[in-house]
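Here is the structure we will look at, set down as structure tokens.
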Amino acid sequence: MARPEPAILWDFDGTLARRSGMWSGCLVETLNEHEPGHTISADDLARFLRSGFPWHAPEVAHPELCAPGAWWECVEALLASAYEQVGVAPARARELARLAHARYIDGRTGWTLFDDSRPVLTHMRERGWRHILLSNHVPELDEIVRCLGLDDLLDDVVTSARTGFEKPHPEAFAAGRRSAGDPATLWMIGDSVQADVAGAEAVGIPAILVRTEHHGCRRAANLYDVISIVGDNTRRGALRSPTDA
Ligand SMILES: [Mg+2]
């Protein structure tokens, strides 16, 4: 039987899209809306968010968090604890954590696609590549993607909150490979040296680091450069960055 068409495993955050201020920014936006006049900064909160998310311990599988509601129960407790540590009363901290949860998964608030994401994914898809999202992320990642209008270009969305494995755990990449149908040609593209590049290459998937300076691995400054590295499936109509001369 013929092997499936070539596929790319794409990281999401920092690769195809970004959220302004990330988690601490989302927590401050929630305070701005519901506690106007507060004096808490994103930096105040970020200190308490440096551990405790499932992706901070990628060597540990977390199948117990795949049950409905369990992932957010764990993460809301972490968010509430950050609020409490900067002086919010416990009951209000839990309420604000629930509101921050709703804000974080709203693709219309704070999330933006990088300018090159749609053009490059479209170009590659027209040439036979399939695109799989492989991300350490929330259970509702597919909804964020739909809100951003990227769903029509993706064949599947694989999020660690549903598989129970965080990149660079080998099983995270096994889930991505399964989703792609185990094609002969498979690449991983992402902005994290450890989670995306080292993790993929450890299980034999060639990888490209994007948007991040680092020596010693395959690297692309932007997604347009990814095309020439993985090889255009056809020679017609090369796509170039609008900023190229
Ligand atoms: Mg990333």
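If you're wondering about the labels, chains in the structure tokens are A, B, ... by order shown, residues count from 1 in each chain, ligands from 1 in order shown.
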
Counting only C-alpha atoms and all ligand atoms, name the residues that have an atom within 12 Å of an atom of ligand 1; the answer should be given as a PyMOL selection string.
chain A and resi 10-19+22+55+133-137+166-168+188-197+209-212

Polymer residues at most 10 Å from A:Trp71, only C-alpha atoms, same-chain spacing of 2 or more positions, as a ChimeraX atom specification:
/A:53-54,62-69,73-76,138-139,161-162,164

With the cut-off set at 7 Å and counting only C-alpha atoms, tabulate each residue of stretch 80-198 of chain A with an atom at most that distance from an atom of stretch 26-42 of chain A, showing the nearest atom pair and its distance in Å to one decimal, ordered by chain and increasing number, as JSON lines.
```
{"residue": "A:Leu96", "atom": "CA", "partner": "A:Thr30", "partner_atom": "CA", "distance": 7.0}
{"residue": "A:Leu99", "atom": "CA", "partner": "A:Thr30", "partner_atom": "CA", "distance": 6.7}
{"residue": "A:Ala100", "atom": "CA", "partner": "A:Thr30", "partner_atom": "CA", "distance": 5.7}
{"residue": "A:Tyr104", "atom": "CA", "partner": "A:Cys26", "partner_atom": "CA", "distance": 6.4}
```

Deliver the residues from the most recent selection as a file, using C-alpha atoms, as a compact mmCIF listing (two decimals), in the first residue's frame.
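So the final result, stored in again37.txt, reads:
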```txt
# COMPACT_ATOMS: atom_id res chain seq x y z
CA LEU A 96 -10.43 35.02 38.55
CA LEU A 99 -12.30 33.87 34.11
CA ALA A 100 -8.66 33.69 32.93
CA TYR A 104 -7.13 32.12 27.35
```

So, counting only C-alpha atoms, which residue among A:Asp44, A:Glu126, A:Asp155, A:Glu59 is closest to A:Gly199?
A:Glu59

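Note that the spacing between atom CA of A:Glu84 and atom CA of A:Gly25 amounts to 16.3 Å.
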
A:Ser179 surroundings by only C-alpha atoms, 8 Å radius, close-in-sequence under 5 positions cut, as a PyMOL selection string:
chain A and resi 132+156+158

DSSP alpha helix (DSSP H) residues within stretch 22-216 of chain A, as a PyMOL selection string
chain A and resi 22-34+42-46+70-85+90-104+117-126+141-147+160-163+170-180+199-202

Surrounding residues of A:Val86 excluding itself and chain neighbours under 3 positions, 7 Å, only C-alpha atoms, as JSON, numbers by chain
{"A": [44, 45, 82, 83]}

How would you write, as a VMD selection string, the set of residues in stretch 159-232 of chain A that DSSP gives as strand (DSSP E)?
chain A and resid 159 186 to 190 207 to 210 219 to 220

Å distance separating atom CA of A:Leu9 from atom CA of A:Trp187, one decimal place
6.0 Å

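For A:Trp129, the list of residues within 9 Å, based on only C-alpha atoms and with local chain neighbours fewer than 5 positions off taken out, reads Glu5, Pro6, Ala7, Ile8, Leu121, His123, Met124 and Asn233 of chain A.
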
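The shortest atom-to-atom distance to A:Val145, with only C-alpha atoms taken into account, belongs to A:Ile105 out of A:Ile105, A:Ser20, A:Val120, A:Ala184.
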